[in-house]
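Inspection log for the structure reproduced underneath, given as structure tokens.
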Amino acid sequence: MKIINHRVFEGRNIYSHKKCIRLDLDLEGYSEIPSKDICDFNESLVRLLPELNKHRCGIDEDRGFIKRLTEGTYLAHITEHIIIALQNMVGVEVSYGKSREILGDNYYVIYQYEYKNTGIEAANIAVNIVNSLINKKIFDIDLRLKELKEILMDEQLGVSTFNICNEAKKRGIPILRIGEDSIFQLGYGKYSKIIQATMGNDTSAIAVGIAQDKLLTKQILVTHCLPVASGMKVKSRVDVLSFAEDIGYPVVIKPEFGNQGKGVIVNIKDEKQLSDAYELLVKDFKEDIIIEKFISGRDYRVCSVYGDIVAVSERIPPYIIGDGISTIEKLIHTTNDDPRRGEGHEKELTKIKIDDRLIEYLKQKGYTLKVVLPEKEKLFLKDNANLSTGGFALDCTDLICEENIEICKRAASAIGLDICGVDLICEDISKPITDGGVIIEINAAPGIRMHHNPCIGSSRNVAGHIVDKLFKDIPKNIPLISVTGTNGKTTTTRLISHILSIAGYTVGMTTTSGIYIDGKCTFKGDTTGPKSALAVLMN
């Protein structure tokens with residue numbers, strides 16, 4: 001079997017209302033040979049891909065596809081099910097597929113996909129599996145699944161983008177992906193909005209720049225009489241040690257420009273620890289390092305959307321609990337085996353990475369990876385609680401007091417961000433932070449995974465709030481009219497455009513003579529295909 005061609009359909013198509021790929025196959029002499037007549041084929045296939053036991057197939061009964069295999073089905077149909085199974089095995093929820101004969105050994109397979117490159121590679125792997133089984137060759141399914149997972153990770157949407165797009169769909173707002181990254185257009189024409197994660201049309205580039213500079217953010221918040229930890233930028237080891245003496249230990253050092261808690265070293269208690277931490281940090285961040293007074297307390301993230309406080313989470317650093325038998329390293333691996341933990345942002349929790357910073361943190365606590373942790377002893381593994389470093393979140397939205405809500409609103413307004421995360425350190429979010437608490441950072445493009453999927457507490461639909469604010473007081477869509485037929489299509493289209501223009505609408509029109517926006521030709525030619533329609537919808 002070999003692949004002749006494939007075609008990707010990114011929206012509704014003649015085969016399905018779902019996103020689909022059409023795969024054209026040459027069965028190379030096997031079009032009339034059912035699977036039951038190929039020696040050991042069925043048994044080897046199910047042994048290689050037990051996921052196929054879940055497929056009900058067209059007969060819609062438990063293990064329906066296995067029944068079809070036993071009766072004898074054909075390679076194109078089998079390929080369709082393998083492609084779907086492979087996508088399911090790496091976490092992509094798809095189910096639709098069908099196969100049809102073109103002529104002789106030529107067949108086509110239609111199958112649903114969520115991510116294009118992953119879907120195409122799943123087809124390549126499926127064909128390789130079929131050929132390997134026929135030719136009695138060993139197939140390393142674990143290796144190929146690992147490669148498929150890596151492709152998926154590269155193109156998978158982040159949690160924030162995924163949730164915002166889902167909320168748009170629920171509201172009947174059309175979605176167009178722009179390029180290969182996580183930039184989307186929600187809606188059509190002049191009512192459309194561009195989003196990238198939790199940044200949108202109304203997000204100020206200047207405000208994003210301010211938020212990325214922790215020192216500048218601190219200076220602005222001080223100007224607005226908001227509580228922050230005292231701190232400054234340091235340019236040398238002498239500098240950092242001198243300022244630490246001035247403000248008093250314990251202290252925190254961190255990069256002036258950074259995100260996701262990268263490079264943040266907290267609760268430094270003496271000159272030796274500070275010197276070591278500074279030397280570690282300066283390797284990666286050169287001179288862009290700031291020092292702050294360490295404020296003890298709980299770590300909270302407050303999410304502000306267009307001036308409304310819509311979610312609050314307490315963030316807990318990753319930790320392990322000893323069993324008196326396992327080493328710290330083993331306990332970390334066991335924690336990472338939790339099915340809720342994945343790589344990066346693919347799941348609600350992130351796997352704990354064993355790196356130099358974790359090893360250094362353990363060293364400061366008097367541990368190594370090979371130490372056996374006593375039974376029931378709780379050991380924190382990081383000094384920051386970011387989800388991206390393995391931390392987890394507890395929903396506290398109903399606990400925040402009115403005074404803290406007002407402080408967070410003022411902070412977001414001071415920086416100028418429409419959507420942001422305000423990081424607070426305080427003992428209790430239900431009490432005003434003016435009594436010993438501080439604002440640590442303001443985050444542009446805040447991740448909303450912790451609010452949608454808290455480990456404990458209620459899920460907060462931050463994405464829904466964002467979409468509702470983006471489309472407040474404006475239509476969520478524009479009317480579309482399609483004209484098809486044999487003769488008179490362009491004339492009819494022009495008449496419709498003229499009528500709508502007279503009614504006061506700005507009309508985009510694409511015909512066999514060109515693309516027209518508000519009566520002006522922007523491109524001449526036969527423009528009746530999907531690319532021309534897209535040009536109108538994105539104008």
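Quick note on naming: the chains in the structure tokens go A, B, ... in the order shown, residues restart at 1 in each chain, and ligands are numbered from 1 in order of appearance.
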Per residue of stretch 233-295 of chain A within 12 Å of stretch 206-219 of chain A, record the nearest atom pair and its distance in Å to one decimal, counting only C-alpha atoms, with rows in chain order and ascending residue number, as CSV.
residue,atom,partner,partner_atom,distance
A:Lys233,CA,A:Leu215,CA,7.2
A:Val234,CA,A:Leu215,CA,10.9
A:Ile253,CA,A:Lys214,CA,11.6
A:Lys254,CA,A:Lys214,CA,9.3
A:Pro255,CA,A:Lys214,CA,8.2
A:Glu256,CA,A:Lys214,CA,5.3
A:Phe257,CA,A:Asp213,CA,5.3
A:Gly258,CA,A:Gln212,CA,6.8
A:Asn259,CA,A:Gln212,CA,7.9
A:Gln260,CA,A:Gln212,CA,11.4
A:Val264,CA,A:Lys214,CA,11.8
A:Asp288,CA,A:Asp213,CA,9.8
A:Ile289,CA,A:Leu215,CA,9.4
A:Ile290,CA,A:Leu215,CA,7.4
A:Ile291,CA,A:Leu215,CA,9.7
A:Glu292,CA,A:Leu215,CA,10.1
Include N, CA, C and O atoms and write out the residues we just selected as a PDB file, in the first residue's frame.
ATOM      1  N   LYS A 233      17.447  47.067  40.950  1.00  0.00           N
ATOM      2  CA  LYS A 233      18.261  46.325  39.990  1.00  0.00           C
ATOM      3  C   LYS A 233      19.701  46.291  40.486  1.00  0.00           C
ATOM      4  O   LYS A 233      20.205  47.280  41.023  1.00  0.00           O
ATOM      5  N   VAL A 234      20.346  45.138  40.310  1.00  0.00           N
ATOM      6  CA  VAL A 234      21.750  45.007  40.734  1.00  0.00           C
ATOM      7  C   VAL A 234      22.600  44.613  39.536  1.00  0.00           C
ATOM      8  O   VAL A 234      22.158  43.893  38.645  1.00  0.00           O
ATOM      9  N   ILE A 253      15.975  37.015  44.584  1.00  0.00           N
ATOM     10  CA  ILE A 253      16.549  37.565  43.350  1.00  0.00           C
ATOM     11  C   ILE A 253      15.861  36.899  42.168  1.00  0.00           C
ATOM     12  O   ILE A 253      15.481  35.731  42.227  1.00  0.00           O
ATOM     13  N   LYS A 254      15.708  37.681  41.095  1.00  0.00           N
ATOM     14  CA  LYS A 254      15.007  37.170  39.921  1.00  0.00           C
ATOM     15  C   LYS A 254      15.379  38.011  38.715  1.00  0.00           C
ATOM     16  O   LYS A 254      15.871  39.152  38.857  1.00  0.00           O
ATOM     17  N   PRO A 255      15.163  37.490  37.504  1.00  0.00           N
ATOM     18  CA  PRO A 255      15.444  38.283  36.305  1.00  0.00           C
ATOM     19  C   PRO A 255      14.466  39.448  36.181  1.00  0.00           C
ATOM     20  O   PRO A 255      13.289  39.322  36.540  1.00  0.00           O
ATOM     21  N   GLU A 256      14.971  40.561  35.692  1.00  0.00           N
ATOM     22  CA  GLU A 256      14.093  41.719  35.483  1.00  0.00           C
ATOM     23  C   GLU A 256      13.050  41.414  34.417  1.00  0.00           C
ATOM     24  O   GLU A 256      11.910  41.873  34.489  1.00  0.00           O
ATOM     25  N   PHE A 257      13.443  40.644  33.408  1.00  0.00           N
ATOM     26  CA  PHE A 257      12.546  40.262  32.326  1.00  0.00           C
ATOM     27  C   PHE A 257      12.413  38.742  32.344  1.00  0.00           C
ATOM     28  O   PHE A 257      13.404  38.036  32.156  1.00  0.00           O
ATOM     29  N   GLY A 258      11.221  38.241  32.553  1.00  0.00           N
ATOM     30  CA  GLY A 258      11.043  36.795  32.602  1.00  0.00           C
ATOM     31  C   GLY A 258       9.585  36.447  32.806  1.00  0.00           C
ATOM     32  O   GLY A 258       8.736  37.313  33.023  1.00  0.00           O
ATOM     33  N   ASN A 259       9.288  35.159  32.713  1.00  0.00           N
ATOM     34  CA  ASN A 259       7.922  34.695  32.934  1.00  0.00           C
ATOM     35  C   ASN A 259       7.950  33.277  33.471  1.00  0.00           C
ATOM     36  O   ASN A 259       8.990  32.628  33.537  1.00  0.00           O
ATOM     37  N   GLN A 260       6.767  32.797  33.864  1.00  0.00           N
ATOM     38  CA  GLN A 260       6.563  31.424  34.334  1.00  0.00           C
ATOM     39  C   GLN A 260       7.497  31.056  35.499  1.00  0.00           C
ATOM     40  O   GLN A 260       7.837  29.894  35.693  1.00  0.00           O
ATOM     41  N   VAL A 264      13.526  32.617  39.242  1.00  0.00           N
ATOM     42  CA  VAL A 264      13.177  33.227  40.529  1.00  0.00           C
ATOM     43  C   VAL A 264      13.723  32.360  41.664  1.00  0.00           C
ATOM     44  O   VAL A 264      13.432  31.165  41.747  1.00  0.00           O
ATOM     45  N   ASP A 288      20.607  41.692  33.926  1.00  0.00           N
ATOM     46  CA  ASP A 288      19.198  42.046  34.139  1.00  0.00           C
ATOM     47  C   ASP A 288      18.627  41.278  35.330  1.00  0.00           C
ATOM     48  O   ASP A 288      17.761  40.408  35.197  1.00  0.00           O
ATOM     49  N   ILE A 289      19.116  41.622  36.529  1.00  0.00           N
ATOM     50  CA  ILE A 289      18.711  40.920  37.740  1.00  0.00           C
ATOM     51  C   ILE A 289      18.271  41.948  38.786  1.00  0.00           C
ATOM     52  O   ILE A 289      18.890  42.995  38.935  1.00  0.00           O
ATOM     53  N   ILE A 290      17.188  41.628  39.485  1.00  0.00           N
ATOM     54  CA  ILE A 290      16.732  42.517  40.545  1.00  0.00           C
ATOM     55  C   ILE A 290      16.678  41.738  41.856  1.00  0.00           C
ATOM     56  O   ILE A 290      16.536  40.511  41.872  1.00  0.00           O
ATOM     57  N   ILE A 291      16.797  42.462  42.966  1.00  0.00           N
ATOM     58  CA  ILE A 291      16.721  41.885  44.302  1.00  0.00           C
ATOM     59  C   ILE A 291      15.556  42.531  45.028  1.00  0.00           C
ATOM     60  O   ILE A 291      15.279  43.726  44.842  1.00  0.00           O
ATOM     61  N   GLU A 292      14.846  41.741  45.825  1.00  0.00           N
ATOM     62  CA  GLU A 292      13.702  42.238  46.575  1.00  0.00           C
ATOM     63  C   GLU A 292      13.728  41.669  47.987  1.00  0.00           C
ATOM     64  O   GLU A 292      14.322  40.615  48.238  1.00  0.00           O
TER      65      GLU A 292
END
Counting only C-alpha atoms, which residues in stretch 54-82 of chain A sit no more than 9 Å from stretch 32-40 of chain A? For each one, give the nearest pair of atoms and the distance in Å, sorted by chain then residue number, as CSV.
residue,atom,partner,partner_atom,distance
A:Leu69,CA,A:Ser35,CA,6.4
A:Thr70,CA,A:Lys36,CA,6.2
A:Glu71,CA,A:Lys36,CA,6.9
A:Gly72,CA,A:Lys36,CA,4.8
A:Thr73,CA,A:Pro34,CA,5.0
A:Tyr74,CA,A:Pro34,CA,4.9
A:Leu75,CA,A:Ser35,CA,7.0
A:Ile78,CA,A:Ser35,CA,8.5
Those selected residues, please, written with all heavy atoms and delivered as a compact mmCIF listing (two decimals), in the first residue's frame.
# COMPACT_ATOMS: atom_id res chain seq x y z
N LEU A 69 -13.03 -7.25 11.46
CA LEU A 69 -11.73 -7.86 11.12
C LEU A 69 -11.85 -9.37 11.00
O LEU A 69 -11.33 -9.99 10.07
CB LEU A 69 -10.71 -7.52 12.21
CG LEU A 69 -9.95 -6.20 12.14
CD1 LEU A 69 -9.06 -6.05 13.37
CD2 LEU A 69 -9.11 -6.08 10.87
N THR A 70 -12.55 -9.99 11.96
CA THR A 70 -12.68 -11.44 11.99
C THR A 70 -13.45 -11.94 10.76
O THR A 70 -13.09 -12.96 10.16
CB THR A 70 -13.42 -11.88 13.28
OG1 THR A 70 -12.70 -11.36 14.41
CG2 THR A 70 -13.48 -13.40 13.38
N GLU A 71 -14.49 -11.20 10.40
CA GLU A 71 -15.26 -11.57 9.21
C GLU A 71 -14.46 -11.37 7.94
O GLU A 71 -14.66 -12.05 6.94
CB GLU A 71 -16.54 -10.73 9.14
CG GLU A 71 -17.54 -11.02 10.26
CD GLU A 71 -18.66 -10.01 10.28
OE1 GLU A 71 -18.55 -8.96 9.58
OE2 GLU A 71 -19.66 -10.24 10.99
N GLY A 72 -13.53 -10.40 8.00
CA GLY A 72 -12.72 -10.06 6.84
C GLY A 72 -13.11 -8.72 6.26
O GLY A 72 -14.17 -8.57 5.66
N THR A 73 -12.29 -7.70 6.49
CA THR A 73 -12.52 -6.38 5.91
C THR A 73 -11.27 -5.98 5.14
O THR A 73 -10.26 -6.69 5.16
CB THR A 73 -12.88 -5.35 7.00
OG1 THR A 73 -13.30 -4.13 6.38
CG2 THR A 73 -11.71 -5.08 7.93
N TYR A 74 -11.32 -4.84 4.47
CA TYR A 74 -10.27 -4.51 3.50
C TYR A 74 -9.33 -3.42 4.01
O TYR A 74 -9.64 -2.70 4.96
CB TYR A 74 -10.92 -4.14 2.16
CG TYR A 74 -11.66 -5.32 1.57
CD1 TYR A 74 -13.03 -5.50 1.80
CD2 TYR A 74 -10.98 -6.29 0.84
CE1 TYR A 74 -13.70 -6.59 1.30
CE2 TYR A 74 -11.65 -7.41 0.32
CZ TYR A 74 -13.02 -7.55 0.57
OH TYR A 74 -13.67 -8.66 0.08
N LEU A 75 -8.17 -3.33 3.37
CA LEU A 75 -7.07 -2.53 3.90
C LEU A 75 -7.38 -1.05 4.03
O LEU A 75 -6.91 -0.40 4.97
CB LEU A 75 -5.82 -2.73 3.04
CG LEU A 75 -5.21 -4.14 3.05
CD1 LEU A 75 -3.89 -4.16 2.29
CD2 LEU A 75 -4.99 -4.63 4.49
N ILE A 78 -9.34 -0.64 7.17
CA ILE A 78 -8.45 -0.86 8.31
C ILE A 78 -7.56 0.36 8.54
O ILE A 78 -7.35 0.81 9.67
CB ILE A 78 -7.60 -2.13 8.07
CG1 ILE A 78 -8.50 -3.36 8.10
CG2 ILE A 78 -6.49 -2.24 9.12
CD1 ILE A 78 -7.82 -4.62 7.61
ask   = Which polymer residues have any atom within 12 Å of an atom of stretch 352-363 of chain A, counting only C-alpha atoms, with same-chain residues fewer than 4 positions away left out, as a PyMOL selection string?
value = chain A and resi 261-268+273+276-277+280-281+317-320+328-338+341-344+367-371+379-392
Pull the closest atom pair for each residue of stretch 50-115 of chain A that gets at most 12 Å from stretch 130-133 of chain A, along with the distance in Å to one decimal, counting only C-alpha atoms, ordering rows by chain and then ascending residue number, as a tab-separated table.
residue	atom	partner	partner_atom	distance
A:Tyr74	CA	A:Val130	CA	11.1
A:Leu75	CA	A:Val130	CA	7.8
A:Ala76	CA	A:Val130	CA	9.8
A:His77	CA	A:Val130	CA	11.4
A:Ile78	CA	A:Val130	CA	8.5
A:Thr79	CA	A:Val130	CA	7.4
A:Glu80	CA	A:Val130	CA	11.1
A:His81	CA	A:Val130	CA	11.5
A:Ile82	CA	A:Val130	CA	9.0
A:Ile83	CA	A:Val130	CA	11.1
ask   = Which polymer residues have any atom within 8 Å of an atom of A:Val536, counting only C-alpha atoms, with same-chain residues fewer than 6 positions away left out, as a PyMOL selection string?
value = chain A and resi 189+508-510+515+517
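Each of A:Tyr113, A:Tyr108, A:Tyr249, A:Phe471 was compared to A:Gly200 using only C-alpha atoms, and A:Phe471 turns out to be the nearest.
When atom CA of A:Ser99 is paired with atom CA of A:Asp140, their separation reads 26.0 Å.
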key: Those in stretch 163-372 of chain A with strand (DSSP E) from DSSP, as a count of residues only   = 53
key: Spatial neighbours of A:Cys420, 7 Å, only C-alpha atoms, chain gap at least 5 places, as a ChimeraX atom specification   = /A:303-305,412,442-446
Take the selection from the previous step and output its residues with all heavy atoms, as a tab-separated table (two decimals), in the first residue's frame.
chain	number	residue	atom	x	y	z
A	303	CYS	N	-7.03	37.09	38.54
A	303	CYS	CA	-7.21	37.34	37.09
A	303	CYS	C	-8.21	38.47	36.88
A	303	CYS	O	-9.36	38.40	37.32
A	303	CYS	CB	-7.70	36.07	36.41
A	303	CYS	SG	-7.81	36.24	34.61
A	304	SER	N	-7.74	39.51	36.17
A	304	SER	CA	-8.58	40.67	35.87
A	304	SER	C	-8.90	40.68	34.37
A	304	SER	O	-8.01	40.57	33.54
A	304	SER	CB	-7.83	41.97	36.25
A	304	SER	OG	-8.51	43.10	35.76
A	305	VAL	N	-10.18	40.80	34.04
A	305	VAL	CA	-10.63	40.85	32.64
A	305	VAL	C	-11.44	42.13	32.45
A	305	VAL	O	-12.54	42.27	32.99
A	305	VAL	CB	-11.48	39.62	32.27
A	305	VAL	CG1	-12.00	39.73	30.83
A	305	VAL	CG2	-10.67	38.33	32.44
A	412	ALA	N	-4.16	46.70	37.78
A	412	ALA	CA	-4.36	46.43	36.35
A	412	ALA	C	-4.51	47.72	35.57
A	412	ALA	O	-3.96	47.89	34.48
A	412	ALA	CB	-5.58	45.53	36.15
A	442	ILE	N	2.76	41.88	37.79
A	442	ILE	CA	1.58	41.97	36.94
A	442	ILE	C	1.93	41.21	35.65
A	442	ILE	O	2.96	41.48	35.04
A	442	ILE	CB	1.20	43.42	36.60
A	442	ILE	CG1	1.08	44.27	37.87
A	442	ILE	CG2	-0.09	43.46	35.78
A	442	ILE	CD1	-0.08	43.91	38.75
A	443	ASN	N	1.09	40.29	35.24
A	443	ASN	CA	1.39	39.43	34.10
A	443	ASN	C	0.48	39.72	32.92
A	443	ASN	O	-0.75	39.61	33.03
A	443	ASN	CB	1.22	37.96	34.49
A	443	ASN	CG	2.20	37.55	35.58
A	443	ASN	OD1	3.30	37.12	35.30
A	443	ASN	ND2	1.79	37.72	36.84
A	444	ALA	N	1.08	40.09	31.79
A	444	ALA	CA	0.33	40.16	30.53
A	444	ALA	C	0.15	38.74	30.00
A	444	ALA	O	0.94	37.85	30.32
A	444	ALA	CB	1.10	41.01	29.52
A	445	ALA	N	-0.88	38.52	29.21
A	445	ALA	CA	-1.20	37.19	28.65
A	445	ALA	C	-1.18	36.12	29.75
A	445	ALA	O	-0.48	35.12	29.65
A	445	ALA	CB	-0.22	36.82	27.54
A	446	PRO	N	-1.96	36.32	30.81
A	446	PRO	CA	-1.93	35.35	31.92
A	446	PRO	C	-2.50	34.00	31.51
A	446	PRO	O	-3.50	33.93	30.79
A	446	PRO	CB	-2.83	36.01	32.98
A	446	PRO	CG	-3.78	36.84	32.18
A	446	PRO	CD	-3.00	37.35	31.01
